[in-house]
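Visitor: Below: one structure in structure tokens.
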Amino acid sequence: MNTQQPTLDVHEKPSGKTWAALSFQHLFAMFGATVLVPMLVGLDPSIALLSGGVGTLAYLLCTKGKIPAYLGSSFAFIAPMSFIIANEGVGAAMMGGLVVGIVYLLVSLGIKVAGSGWLIALLPPIVVGPVIMVIGLGLAGTAVGMAMYENPGAPQADLIYSGKHILVAGITLAAAVGCSLITKGFLQFIPILVAIVVGYVTSIFVGLVDFSVVTAAPWFALPNVTIPFIHYAPSISWDIVLLMVPVALVTFAEHTGHQMVLSKVVGRNFLHKPGLHRSIFGDGLATIIASFLGGPPNTTYGENIGVLAITRIYSVFVLGGAAVLAISFAFIGKISAFLTTIPTAVMGGVSILLFGIIATSGLRMMIDNKVDMSEKRNLIIPSCILVIGIGGAFVQFTENFTLQGMALAAIVGILLNLILPGREVPKKEEMFEASTKKAA
């Protein structure tokens, strides 16, 4: 555990002006990444601020105010949400988010009753790592398309190649890489935000930004929420369930890893007190809230854990203040309008790095957990997952019931791990050490 004395401990409350400054720092850390997700899938970025803020407050309540964590948009759900929104609409995607949240609640109940060993056995690194790689690599075409074309969403035959977009995307990518490698301290944890700022300024100079929508927008505006029974008639199909739920299986491992690292940073074992079941329950409740508001599923944010590590300010009051600020920003119309002016080339530039990091983090998970790739089963499982997931394989059961892509890959990976001989279940202590090694 961390032996450094905290500047502010978990339940210590800062003074007024200091409180606001520290909370804004956390909002600043997550801002770029959390608004990027809705922009990529076609949702209003202000909804991500609103749902993330409300979700964070709900999470703090569920964990009894004992875990200093901030929740923002999950990158893991970009691919399935984009597909659902494009084919069935925003309402269907929100129902998918609702299902994910319910699955989180059920898993938290299972952990409360039976402990977390069954989850670790079901989702070992040899399965989760390659599926995470599929999530990142499956989005590679989206990132490159935004970086290269004026109209990345158009059919292949109608795509318009743009040198300006490539220039902006290249400068944006360079800024993200440079900020990650060269800067120190707090700046190391906001490379996406820095890159977006640099890319946006470059876009202004090359004529890709239109400020008219910002000028016309009011200062105060209600967020563009999407509420069931008001804006759409809710319905859930097996297609939606099978697109979203397998991703939730992977995010359980991500969530557990974040709690392990956070425990190392703060110097408390949050997996035991208040418990992993409470943390996952809070994440699930936040995702359900997001689905009722029209936002993407939520997850704990590594950027904010990084800020905690640097500042040693662990106060849940500071995280709660950041949530309140995020909610407030969602009602400022000019901020919402400003976010819509960010060119796709800028998003493409940061996405090249982000999606690549997602893919390589899956590889790193296997390395950190010392997966022996000389074992035949450890070659077979990731090989099948990668080709099935990236290749777009599918199994069609009925006209409206198809198991495909990442969902099929995840299920095949889980089954192969359970069926093939030589399976070893990692001990929780070993998983803890592997996940906290970098934070030590």
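Simple scheme: letters A, B, ... for chains in structure tokens order, numbers from 1 for residues in each chain, numbers from 1 for ligands in the order shown.
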If DSSP is run on the backbone, what residues of range 157-313 of chain A are helix (DSSP H, G or I)? A reply as a short mmCIF file (atom, residue, chain, number, x, y, z; two decimals) with N, CA, C and O atoms, in the first residue's frame would be ideal.

Guide:
```cif
data_model
loop_
_atom_site.label_atom_id
_atom_site.label_comp_id
_atom_site.auth_asym_id
_atom_site.auth_seq_id
_atom_site.Cartn_x
_atom_site.Cartn_y
_atom_site.Cartn_z
N ALA A 157 -17.79 4.91 -51.87
CA ALA A 157 -17.64 5.53 -53.19
C ALA A 157 -17.73 7.05 -53.14
O ALA A 157 -17.25 7.73 -54.06
N ASP A 158 -18.32 7.60 -52.08
CA ASP A 158 -18.53 9.06 -51.98
C ASP A 158 -17.54 9.75 -51.06
O ASP A 158 -17.65 10.96 -50.83
N GLY A 163 -6.42 16.75 -47.79
CA GLY A 163 -5.09 17.03 -47.25
C GLY A 163 -5.15 17.86 -45.99
O GLY A 163 -4.33 17.69 -45.07
N LYS A 164 -6.14 18.78 -45.90
CA LYS A 164 -6.30 19.60 -44.70
C LYS A 164 -6.60 18.72 -43.48
O LYS A 164 -6.06 18.93 -42.39
N HIS A 165 -7.48 17.75 -43.69
CA HIS A 165 -7.84 16.87 -42.57
C HIS A 165 -6.65 16.05 -42.11
O HIS A 165 -6.44 15.87 -40.89
N ILE A 166 -5.85 15.57 -43.06
CA ILE A 166 -4.66 14.79 -42.68
C ILE A 166 -3.67 15.66 -41.92
O ILE A 166 -3.07 15.23 -40.93
N LEU A 167 -3.51 16.91 -42.35
CA LEU A 167 -2.59 17.83 -41.67
C LEU A 167 -3.05 18.07 -40.23
O LEU A 167 -2.25 17.98 -39.29
N VAL A 168 -4.34 18.37 -40.06
CA VAL A 168 -4.87 18.65 -38.73
C VAL A 168 -4.77 17.41 -37.85
O VAL A 168 -4.36 17.48 -36.68
N ALA A 169 -5.14 16.25 -38.41
CA ALA A 169 -5.07 15.01 -37.64
C ALA A 169 -3.63 14.69 -37.24
O ALA A 169 -3.38 14.26 -36.10
N GLY A 170 -2.69 14.92 -38.15
CA GLY A 170 -1.28 14.65 -37.85
C GLY A 170 -0.76 15.54 -36.74
O GLY A 170 -0.05 15.08 -35.83
N ILE A 171 -1.09 16.83 -36.79
CA ILE A 171 -0.65 17.76 -35.74
C ILE A 171 -1.31 17.41 -34.40
O ILE A 171 -0.67 17.47 -33.34
N THR A 172 -2.58 17.04 -34.45
CA THR A 172 -3.29 16.64 -33.23
C THR A 172 -2.65 15.41 -32.61
O THR A 172 -2.42 15.35 -31.39
N LEU A 173 -2.36 14.42 -33.44
CA LEU A 173 -1.72 13.20 -32.96
C LEU A 173 -0.34 13.50 -32.37
O LEU A 173 0.02 13.00 -31.30
N ALA A 174 0.42 14.35 -33.04
CA ALA A 174 1.75 14.72 -32.56
C ALA A 174 1.66 15.41 -31.20
O ALA A 174 2.50 15.19 -30.31
N ALA A 175 0.65 16.26 -31.03
CA ALA A 175 0.47 16.96 -29.75
C ALA A 175 0.15 15.97 -28.64
O ALA A 175 0.67 16.09 -27.52
N ALA A 176 -0.70 14.97 -28.92
CA ALA A 176 -1.06 13.97 -27.92
C ALA A 176 0.16 13.14 -27.52
O ALA A 176 0.41 12.90 -26.34
N VAL A 177 0.94 12.72 -28.53
CA VAL A 177 2.14 11.92 -28.26
C VAL A 177 3.17 12.75 -27.49
O VAL A 177 3.75 12.28 -26.50
N GLY A 178 3.39 13.99 -27.93
CA GLY A 178 4.35 14.86 -27.27
C GLY A 178 3.98 15.14 -25.83
O GLY A 178 4.84 15.10 -24.94
N CYS A 179 2.71 15.41 -25.59
CA CYS A 179 2.26 15.70 -24.23
C CYS A 179 2.44 14.47 -23.33
O CYS A 179 2.80 14.60 -22.16
N SER A 180 2.20 13.29 -23.89
CA SER A 180 2.33 12.06 -23.10
C SER A 180 3.79 11.77 -22.73
O SER A 180 4.08 11.29 -21.64
N LEU A 181 4.72 12.07 -23.66
CA LEU A 181 6.11 11.68 -23.47
C LEU A 181 6.99 12.76 -22.85
O LEU A 181 7.92 12.45 -22.10
N ILE A 182 6.72 14.01 -23.17
CA ILE A 182 7.63 15.09 -22.79
C ILE A 182 7.23 15.79 -21.50
O ILE A 182 8.07 16.10 -20.66
N GLY A 185 4.15 15.91 -14.53
CA GLY A 185 3.11 16.34 -13.61
C GLY A 185 1.72 16.18 -14.18
O GLY A 185 1.41 15.23 -14.92
N PHE A 186 0.86 17.15 -13.89
CA PHE A 186 -0.56 17.08 -14.25
C PHE A 186 -0.78 16.97 -15.75
O PHE A 186 -1.69 16.27 -16.21
N LEU A 187 0.06 17.62 -16.56
CA LEU A 187 -0.12 17.61 -18.02
C LEU A 187 -0.03 16.20 -18.60
O LEU A 187 -0.61 15.92 -19.65
N GLN A 188 0.69 15.31 -17.94
CA GLN A 188 0.80 13.94 -18.43
C GLN A 188 -0.55 13.23 -18.45
O GLN A 188 -0.72 12.27 -19.18
N PHE A 189 -1.50 13.71 -17.65
CA PHE A 189 -2.78 13.04 -17.54
C PHE A 189 -3.88 13.71 -18.35
O PHE A 189 -5.03 13.29 -18.32
N PRO A 191 -3.32 14.49 -21.95
CA PRO A 191 -2.81 14.62 -23.32
C PRO A 191 -3.92 14.73 -24.36
O PRO A 191 -3.74 15.41 -25.39
N ILE A 192 -5.07 14.12 -24.09
CA ILE A 192 -6.17 14.18 -25.05
C ILE A 192 -6.73 15.59 -25.11
O ILE A 192 -6.99 16.14 -26.19
N LEU A 193 -6.91 16.21 -23.95
CA LEU A 193 -7.42 17.58 -23.92
C LEU A 193 -6.44 18.54 -24.57
O LEU A 193 -6.83 19.41 -25.36
N VAL A 194 -5.16 18.40 -24.28
CA VAL A 194 -4.13 19.25 -24.89
C VAL A 194 -4.13 19.07 -26.41
O VAL A 194 -4.07 20.04 -27.17
N ALA A 195 -4.22 17.82 -26.86
CA ALA A 195 -4.22 17.55 -28.30
C ALA A 195 -5.43 18.15 -28.99
O ALA A 195 -5.33 18.69 -30.10
N ILE A 196 -6.60 18.06 -28.33
CA ILE A 196 -7.81 18.64 -28.92
C ILE A 196 -7.66 20.16 -29.05
O ILE A 196 -8.05 20.75 -30.07
N VAL A 197 -7.09 20.80 -28.03
CA VAL A 197 -6.88 22.25 -28.09
C VAL A 197 -5.93 22.61 -29.24
O VAL A 197 -6.21 23.51 -30.04
N VAL A 198 -4.81 21.89 -29.34
CA VAL A 198 -3.83 22.15 -30.41
C VAL A 198 -4.46 21.89 -31.78
O VAL A 198 -4.32 22.69 -32.72
N GLY A 199 -5.17 20.78 -31.91
CA GLY A 199 -5.82 20.46 -33.17
C GLY A 199 -6.90 21.46 -33.55
O GLY A 199 -7.06 21.81 -34.73
N TYR A 200 -7.62 21.94 -32.54
CA TYR A 200 -8.69 22.91 -32.81
C TYR A 200 -8.11 24.24 -33.30
O TYR A 200 -8.62 24.84 -34.25
N VAL A 201 -7.04 24.69 -32.66
CA VAL A 201 -6.39 25.94 -33.09
C VAL A 201 -5.87 25.79 -34.52
O VAL A 201 -6.02 26.70 -35.36
N THR A 202 -5.28 24.64 -34.82
CA THR A 202 -4.80 24.38 -36.18
C THR A 202 -5.96 24.40 -37.17
O THR A 202 -5.85 24.94 -38.28
N SER A 203 -7.09 23.83 -36.77
CA SER A 203 -8.27 23.78 -37.64
C SER A 203 -8.78 25.19 -37.96
O SER A 203 -9.28 25.44 -39.07
N ILE A 204 -8.68 26.09 -36.99
CA ILE A 204 -9.10 27.46 -37.23
C ILE A 204 -8.26 28.09 -38.33
O ILE A 204 -8.77 28.73 -39.26
N PHE A 205 -6.95 27.85 -38.27
CA PHE A 205 -6.04 28.44 -39.26
C PHE A 205 -6.25 27.88 -40.67
O PHE A 205 -6.04 28.58 -41.66
N VAL A 206 -6.66 26.63 -40.78
CA VAL A 206 -6.86 26.03 -42.11
C VAL A 206 -8.31 26.11 -42.57
O VAL A 206 -8.66 25.61 -43.64
N SER A 212 -20.32 30.10 -36.18
CA SER A 212 -21.67 30.68 -36.23
C SER A 212 -22.62 30.01 -35.24
O SER A 212 -23.48 30.67 -34.65
N VAL A 213 -22.47 28.69 -35.05
CA VAL A 213 -23.37 28.00 -34.13
C VAL A 213 -23.12 28.43 -32.68
O VAL A 213 -24.04 28.47 -31.87
N VAL A 214 -21.87 28.76 -32.36
CA VAL A 214 -21.55 29.23 -31.01
C VAL A 214 -22.14 30.61 -30.78
O VAL A 214 -22.71 30.89 -29.72
N THR A 215 -22.01 31.48 -31.78
CA THR A 215 -22.56 32.83 -31.67
C THR A 215 -24.07 32.80 -31.50
O THR A 215 -24.63 33.57 -30.70
N ALA A 216 -24.73 31.90 -32.21
CA ALA A 216 -26.19 31.83 -32.17
C ALA A 216 -26.72 31.13 -30.92
O ALA A 216 -27.88 31.31 -30.55
N TRP A 238 -32.78 -9.10 -28.84
CA TRP A 238 -31.61 -9.92 -28.57
C TRP A 238 -30.37 -9.37 -29.26
O TRP A 238 -29.25 -9.52 -28.76
N ASP A 239 -30.57 -8.75 -30.43
CA ASP A 239 -29.44 -8.16 -31.13
C ASP A 239 -28.73 -7.12 -30.27
O ASP A 239 -27.50 -7.09 -30.17
N ILE A 240 -29.53 -6.26 -29.63
CA ILE A 240 -28.96 -5.21 -28.79
C ILE A 240 -28.25 -5.82 -27.58
O ILE A 240 -27.15 -5.42 -27.22
N VAL A 241 -28.90 -6.80 -26.96
CA VAL A 241 -28.31 -7.45 -25.79
C VAL A 241 -26.97 -8.08 -26.14
O VAL A 241 -25.97 -7.91 -25.42
N LEU A 242 -26.91 -8.78 -27.28
CA LEU A 242 -25.68 -9.49 -27.65
C LEU A 242 -24.59 -8.55 -28.15
O LEU A 242 -23.42 -8.93 -28.19
N LEU A 243 -24.95 -7.36 -28.54
CA LEU A 243 -23.94 -6.38 -28.93
C LEU A 243 -23.33 -5.69 -27.71
O LEU A 243 -22.14 -5.38 -27.69
N MET A 244 -24.13 -5.46 -26.68
CA MET A 244 -23.69 -4.66 -25.54
C MET A 244 -23.15 -5.48 -24.37
O MET A 244 -22.14 -5.13 -23.77
N VAL A 245 -23.82 -6.58 -24.03
CA VAL A 245 -23.47 -7.32 -22.82
C VAL A 245 -22.05 -7.90 -22.86
O VAL A 245 -21.32 -7.83 -21.85
N PRO A 246 -21.59 -8.50 -23.99
CA PRO A 246 -20.20 -9.00 -23.99
C PRO A 246 -19.17 -7.92 -23.68
O PRO A 246 -18.13 -8.22 -23.09
N VAL A 247 -19.45 -6.67 -24.07
CA VAL A 247 -18.52 -5.58 -23.75
C VAL A 247 -18.52 -5.34 -22.24
O VAL A 247 -17.48 -5.07 -21.64
N ALA A 248 -19.70 -5.48 -21.62
CA ALA A 248 -19.78 -5.30 -20.17
C ALA A 248 -18.93 -6.33 -19.45
O ALA A 248 -18.33 -6.05 -18.41
N LEU A 249 -18.84 -7.55 -20.01
CA LEU A 249 -18.00 -8.57 -19.39
C LEU A 249 -16.55 -8.11 -19.33
O LEU A 249 -15.83 -8.37 -18.37
N VAL A 250 -16.12 -7.40 -20.38
CA VAL A 250 -14.75 -6.90 -20.42
C VAL A 250 -14.56 -5.72 -19.46
O VAL A 250 -13.53 -5.61 -18.79
N THR A 251 -15.55 -4.84 -19.40
CA THR A 251 -15.40 -3.66 -18.54
C THR A 251 -15.40 -4.02 -17.05
O THR A 251 -14.93 -3.23 -16.24
N PHE A 252 -15.91 -5.20 -16.70
CA PHE A 252 -15.77 -5.64 -15.31
C PHE A 252 -14.30 -5.76 -14.94
O PHE A 252 -13.88 -5.37 -13.85
N ALA A 253 -13.52 -6.34 -15.87
CA ALA A 253 -12.08 -6.47 -15.61
C ALA A 253 -11.42 -5.10 -15.54
O ALA A 253 -10.55 -4.86 -14.70
N GLU A 254 -11.85 -4.19 -16.43
CA GLU A 254 -11.31 -2.82 -16.41
C GLU A 254 -11.63 -2.14 -15.09
O GLU A 254 -10.77 -1.51 -14.47
N HIS A 255 -12.88 -2.28 -14.65
CA HIS A 255 -13.31 -1.65 -13.40
C HIS A 255 -12.51 -2.21 -12.22
O HIS A 255 -12.04 -1.44 -11.36
N THR A 256 -12.35 -3.53 -12.17
CA THR A 256 -11.61 -4.16 -11.08
C THR A 256 -10.16 -3.67 -11.06
O THR A 256 -9.59 -3.38 -10.01
N GLY A 257 -9.57 -3.57 -12.26
CA GLY A 257 -8.20 -3.07 -12.35
C GLY A 257 -8.07 -1.65 -11.84
O GLY A 257 -7.12 -1.31 -11.12
N HIS A 258 -9.06 -0.79 -12.18
CA HIS A 258 -9.04 0.59 -11.69
C HIS A 258 -9.12 0.61 -10.16
O HIS A 258 -8.44 1.41 -9.50
N GLN A 259 -9.95 -0.25 -9.58
CA GLN A 259 -10.09 -0.27 -8.12
C GLN A 259 -8.80 -0.73 -7.46
O GLN A 259 -8.43 -0.25 -6.38
N MET A 260 -8.10 -1.67 -8.10
CA MET A 260 -6.83 -2.14 -7.56
C MET A 260 -5.78 -1.03 -7.58
O MET A 260 -5.06 -0.82 -6.61
N VAL A 261 -5.70 -0.33 -8.71
CA VAL A 261 -4.73 0.77 -8.82
C VAL A 261 -5.09 1.89 -7.86
O VAL A 261 -4.22 2.45 -7.18
N LEU A 262 -6.38 2.21 -7.78
CA LEU A 262 -6.83 3.26 -6.86
C LEU A 262 -6.52 2.89 -5.42
O LEU A 262 -6.11 3.74 -4.61
N SER A 263 -6.69 1.61 -5.08
CA SER A 263 -6.35 1.14 -3.72
C SER A 263 -4.87 1.37 -3.44
O SER A 263 -4.48 1.78 -2.34
N LYS A 264 -4.03 1.09 -4.44
CA LYS A 264 -2.59 1.28 -4.27
C LYS A 264 -2.24 2.74 -4.08
O LYS A 264 -1.42 3.10 -3.23
N VAL A 265 -2.89 3.61 -4.86
CA VAL A 265 -2.60 5.05 -4.80
C VAL A 265 -3.03 5.64 -3.46
O VAL A 265 -2.27 6.38 -2.82
N VAL A 266 -4.23 5.32 -3.02
CA VAL A 266 -4.79 5.94 -1.82
C VAL A 266 -4.26 5.27 -0.54
O VAL A 266 -4.18 5.90 0.51
N LEU A 271 -11.26 -2.96 -2.57
CA LEU A 271 -11.90 -4.22 -2.97
C LEU A 271 -12.58 -4.89 -1.78
O LEU A 271 -13.55 -5.63 -1.95
N HIS A 272 -12.08 -4.62 -0.58
CA HIS A 272 -12.64 -5.22 0.63
C HIS A 272 -13.54 -4.24 1.39
O HIS A 272 -14.53 -4.65 1.98
N LYS A 273 -13.18 -2.98 1.39
CA LYS A 273 -13.98 -1.98 2.11
C LYS A 273 -13.97 -0.67 1.34
O LYS A 273 -12.90 -0.10 1.14
N PRO A 274 -15.10 -0.26 0.82
CA PRO A 274 -16.47 -0.76 1.02
C PRO A 274 -16.80 -2.03 0.25
O PRO A 274 -17.89 -2.58 0.40
N GLY A 275 -15.91 -2.50 -0.65
CA GLY A 275 -16.15 -3.76 -1.35
C GLY A 275 -16.31 -3.56 -2.85
O GLY A 275 -16.89 -2.56 -3.30
N LEU A 276 -15.82 -4.53 -3.62
CA LEU A 276 -15.96 -4.48 -5.08
C LEU A 276 -17.43 -4.50 -5.50
O LEU A 276 -17.80 -3.88 -6.49
N HIS A 277 -18.26 -5.20 -4.73
CA HIS A 277 -19.69 -5.28 -5.08
C HIS A 277 -20.34 -3.90 -5.04
O HIS A 277 -21.17 -3.57 -5.90
N ARG A 278 -19.96 -3.07 -4.06
CA ARG A 278 -20.53 -1.72 -3.99
C ARG A 278 -20.03 -0.85 -5.14
O ARG A 278 -20.79 -0.06 -5.71
N SER A 279 -18.77 -1.01 -5.48
CA SER A 279 -18.20 -0.21 -6.56
C SER A 279 -18.85 -0.55 -7.90
O SER A 279 -19.21 0.33 -8.67
N ILE A 280 -19.00 -1.85 -8.18
CA ILE A 280 -19.64 -2.26 -9.43
C ILE A 280 -21.12 -1.87 -9.42
O ILE A 280 -21.67 -1.47 -10.46
N PHE A 281 -21.76 -1.97 -8.27
CA PHE A 281 -23.17 -1.54 -8.18
C PHE A 281 -23.28 -0.05 -8.51
O PHE A 281 -24.19 0.37 -9.26
N GLY A 282 -22.37 0.76 -7.96
CA GLY A 282 -22.39 2.20 -8.25
C GLY A 282 -22.17 2.49 -9.71
O GLY A 282 -22.82 3.37 -10.29
N ASP A 283 -21.25 1.75 -10.34
CA ASP A 283 -20.99 1.91 -11.77
C ASP A 283 -22.23 1.53 -12.58
O ASP A 283 -22.59 2.20 -13.56
N GLY A 284 -22.89 0.44 -12.18
CA GLY A 284 -24.11 0.02 -12.87
C GLY A 284 -25.23 1.03 -12.73
O GLY A 284 -25.94 1.32 -13.70
N LEU A 285 -25.40 1.57 -11.53
CA LEU A 285 -26.44 2.57 -11.32
C LEU A 285 -26.17 3.82 -12.15
O LEU A 285 -27.08 4.40 -12.75
N ALA A 286 -24.90 4.22 -12.22
CA ALA A 286 -24.52 5.38 -13.03
C ALA A 286 -24.82 5.14 -14.51
O ALA A 286 -25.28 6.05 -15.22
N THR A 287 -24.59 3.92 -14.98
CA THR A 287 -24.87 3.59 -16.38
C THR A 287 -26.37 3.57 -16.66
O THR A 287 -26.83 4.00 -17.73
N ILE A 288 -27.16 3.10 -15.69
CA ILE A 288 -28.63 3.13 -15.84
C ILE A 288 -29.12 4.56 -15.91
O ILE A 288 -29.97 4.91 -16.75
N ILE A 289 -28.59 5.42 -15.04
CA ILE A 289 -28.96 6.83 -15.07
C ILE A 289 -28.62 7.45 -16.42
O ILE A 289 -29.41 8.19 -17.01
N ALA A 290 -27.42 7.13 -16.93
CA ALA A 290 -27.00 7.65 -18.23
C ALA A 290 -27.95 7.21 -19.33
O ALA A 290 -28.29 8.00 -20.23
N SER A 291 -28.40 5.96 -19.29
CA SER A 291 -29.30 5.46 -20.33
C SER A 291 -30.65 6.16 -20.29
O SER A 291 -31.29 6.35 -21.33
N PHE A 292 -31.10 6.59 -19.12
CA PHE A 292 -32.38 7.30 -19.02
C PHE A 292 -32.25 8.77 -19.43
O PHE A 292 -33.25 9.42 -19.73
N LEU A 293 -31.02 9.28 -19.45
CA LEU A 293 -30.80 10.67 -19.87
C LEU A 293 -30.39 10.78 -21.34
O LEU A 293 -30.47 11.86 -21.93
N GLY A 302 -9.27 6.55 -15.57
CA GLY A 302 -7.86 6.48 -15.22
C GLY A 302 -7.22 7.85 -15.10
O GLY A 302 -6.30 8.06 -14.30
N GLU A 303 -7.69 8.83 -15.90
CA GLU A 303 -7.13 10.18 -15.84
C GLU A 303 -7.27 10.77 -14.43
O GLU A 303 -6.36 11.43 -13.92
N ASN A 304 -8.45 10.53 -13.82
CA ASN A 304 -8.68 11.10 -12.50
C ASN A 304 -7.90 10.35 -11.42
O ASN A 304 -7.48 10.95 -10.42
N ILE A 305 -7.67 9.06 -11.62
CA ILE A 305 -6.81 8.32 -10.71
C ILE A 305 -5.39 8.88 -10.78
O ILE A 305 -4.70 9.01 -9.77
N GLY A 306 -4.97 9.26 -12.00
CA GLY A 306 -3.65 9.88 -12.16
C GLY A 306 -3.53 11.19 -11.41
O GLY A 306 -2.49 11.48 -10.80
N VAL A 307 -4.58 12.00 -11.44
CA VAL A 307 -4.58 13.27 -10.71
C VAL A 307 -4.46 13.01 -9.21
O VAL A 307 -3.73 13.71 -8.49
N LEU A 308 -5.17 12.00 -8.72
CA LEU A 308 -5.07 11.64 -7.30
C LEU A 308 -3.64 11.25 -6.93
O LEU A 308 -3.13 11.64 -5.88
N ALA A 309 -3.00 10.50 -7.82
CA ALA A 309 -1.64 10.03 -7.55
C ALA A 309 -0.66 11.19 -7.48
O ALA A 309 0.26 11.20 -6.65
N ILE A 310 -0.83 12.19 -8.35
CA ILE A 310 0.08 13.33 -8.38
C ILE A 310 -0.13 14.27 -7.20
O ILE A 310 0.81 14.68 -6.52
N THR A 311 -1.39 14.62 -6.94
CA THR A 311 -1.69 15.64 -5.94
C THR A 311 -1.79 15.08 -4.52
O THR A 311 -1.65 15.82 -3.55
#
```

Visitor: Write out as JSON, numbers by chain the residues lying within 12 Å of Gly42 in chain A, counting only C-alpha atoms and excluding same-chain residues fewer than 6 positions away.

Guide: {"A": [35, 36, 48, 78, 79, 81, 82, 83, 84, 85, 86, 89, 90, 93, 153, 294, 295, 296, 340, 344]}

Visitor: Between A:Ile414, A:Met148, A:Met406, A:Met365, which is the closest to Ile352 in chain A once you count only C-alpha atoms?

Guide: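 Nearest to Ile352 in chain A: A:Met148.
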
Visitor: Using only C-alpha atoms, determine which residues lie at most 9 Å from Leu139 in chain A, disregarding the query and same-chain residues fewer than 3 positions distant; provide the list as a list in words.

Guide: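 Here the answer would be Ile78, Ala79, Val134, Ile135, Gly136, Thr142, Ala143, Val144, Ser351, Ile352, Phe355 and Gly356 of chain A.
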
Visitor: With only C-alpha atoms as the counted atoms, please give the residues lying no more than 8 Å from Thr341 in chain A, apart from itself and same-chain residues fewer than 4 positions off, as a VMD selection string.

Guide: chain A and resid 209 to 211 213 337

Visitor: Suppose you want the space between CA of Ile67 in chain A and CA of Ala322 in chain A; what is it in Å?

Guide: 14.5 Å

Visitor: I want to know what sits within 9 Å of Ile380 in chain A, based on only C-alpha atoms, with residues of the same chain fewer than 5 positions away left out; could you give that as a PDB file with N, CA, C and O atoms, in the first residue's frame?

Guide:
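The resulting part_27.pdb:
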```
ATOM      1  N   GLU A 375       2.548 -21.767 -24.251  1.00  0.00           N
ATOM      2  CA  GLU A 375       1.510 -22.777 -24.088  1.00  0.00           C
ATOM      3  C   GLU A 375       0.549 -22.723 -25.278  1.00  0.00           C
ATOM      4  O   GLU A 375       0.096 -21.651 -25.677  1.00  0.00           O
ATOM      5  N   ILE A 385     -10.020 -15.360 -30.863  1.00  0.00           N
ATOM      6  CA  ILE A 385     -10.719 -14.124 -30.478  1.00  0.00           C
ATOM      7  C   ILE A 385     -10.395 -12.995 -31.458  1.00  0.00           C
ATOM      8  O   ILE A 385     -11.300 -12.290 -31.942  1.00  0.00           O
ATOM      9  N   LEU A 416     -13.812 -21.345 -25.004  1.00  0.00           N
ATOM     10  CA  LEU A 416     -12.533 -22.021 -25.222  1.00  0.00           C
ATOM     11  C   LEU A 416     -11.731 -22.121 -23.930  1.00  0.00           C
ATOM     12  O   LEU A 416     -11.113 -23.150 -23.640  1.00  0.00           O
TER      13      LEU A 416
END
```

Visitor: From the DSSP assignment of the backbone, select every residue of range 52-233 of chain A that is strand (DSSP E or B), and format the answer as a list in words.

Guide: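 Restricting range 52-233 of chain A to strand (DSSP E or B) produces Leu71, Gly72, Ser73, Tyr149, Tyr161, Phe220, Pro228 and Tyr232 of chain A.
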
Visitor: When you look at Pro125 in chain A with a cut-off of 9 Å (counting only C-alpha atoms), what residues show up, excluding the ones that are within fewer than 6 positions of it in the same chain? I need them as a PDB file with N, CA, C and O atoms, in the first residue's frame.

Guide:
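The result, stored in out00.pdb:
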```pdb
ATOM      1  N   ALA A 253     -13.518  -6.340 -15.866  1.00  0.00           N
ATOM      2  CA  ALA A 253     -12.080  -6.471 -15.613  1.00  0.00           C
ATOM      3  C   ALA A 253     -11.425  -5.098 -15.542  1.00  0.00           C
ATOM      4  O   ALA A 253     -10.548  -4.857 -14.699  1.00  0.00           O
ATOM      5  N   GLY A 362      -4.724  -4.276 -23.933  1.00  0.00           N
ATOM      6  CA  GLY A 362      -5.097  -5.687 -23.859  1.00  0.00           C
ATOM      7  C   GLY A 362      -3.871  -6.570 -23.871  1.00  0.00           C
ATOM      8  O   GLY A 362      -3.784  -7.564 -23.128  1.00  0.00           O
ATOM      9  N   MET A 365      -2.173  -6.315 -20.543  1.00  0.00           N
ATOM     10  CA  MET A 365      -2.833  -7.093 -19.494  1.00  0.00           C
ATOM     11  C   MET A 365      -2.287  -8.512 -19.452  1.00  0.00           C
ATOM     12  O   MET A 365      -2.028  -9.064 -18.372  1.00  0.00           O
ATOM     13  N   MET A 366      -2.076  -9.102 -20.627  1.00  0.00           N
ATOM     14  CA  MET A 366      -1.537 -10.461 -20.661  1.00  0.00           C
ATOM     15  C   MET A 366      -0.089 -10.494 -20.181  1.00  0.00           C
ATOM     16  O   MET A 366       0.334 -11.416 -19.487  1.00  0.00           O
ATOM     17  N   ASN A 369       0.113 -10.035 -16.356  1.00  0.00           N
ATOM     18  CA  ASN A 369      -0.343 -11.231 -15.639  1.00  0.00           C
ATOM     19  C   ASN A 369       0.456 -12.473 -16.010  1.00  0.00           C
ATOM     20  O   ASN A 369       0.059 -13.591 -15.682  1.00  0.00           O
ATOM     21  N   VAL A 371       1.069 -14.206 -18.745  1.00  0.00           N
ATOM     22  CA  VAL A 371       0.469 -15.271 -19.543  1.00  0.00           C
ATOM     23  C   VAL A 371       1.572 -15.919 -20.388  1.00  0.00           C
ATOM     24  O   VAL A 371       2.269 -15.231 -21.133  1.00  0.00           O
ATOM     25  N   PRO A 426      -6.204 -17.685 -12.000  1.00  0.00           N
ATOM     26  CA  PRO A 426      -5.288 -16.835 -11.247  1.00  0.00           C
ATOM     27  C   PRO A 426      -5.843 -16.496  -9.871  1.00  0.00           C
ATOM     28  O   PRO A 426      -7.039 -16.308  -9.715  1.00  0.00           O
TER      29      PRO A 426
END
```

Visitor: Which is closest to Pro130 in chain A among A:Gly392, A:Gly413, A:Pro45, A:Pro382, if we use only C-alpha atoms?

Guide: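 Once distances to Pro130 in chain A are computed over only C-alpha atoms, the minimum belongs to A:Pro382.
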
Visitor: Between A:Pro297, A:Val318, A:Ile47, A:Asn417, which residue has the minimum interatomic distance to Ile102 in chain A, considering only C-alpha atoms?

Guide: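 Of A:Pro297, A:Val318, A:Ile47, A:Asn417, the one nearest Ile102 in chain A is A:Pro297, counting only C-alpha atoms.
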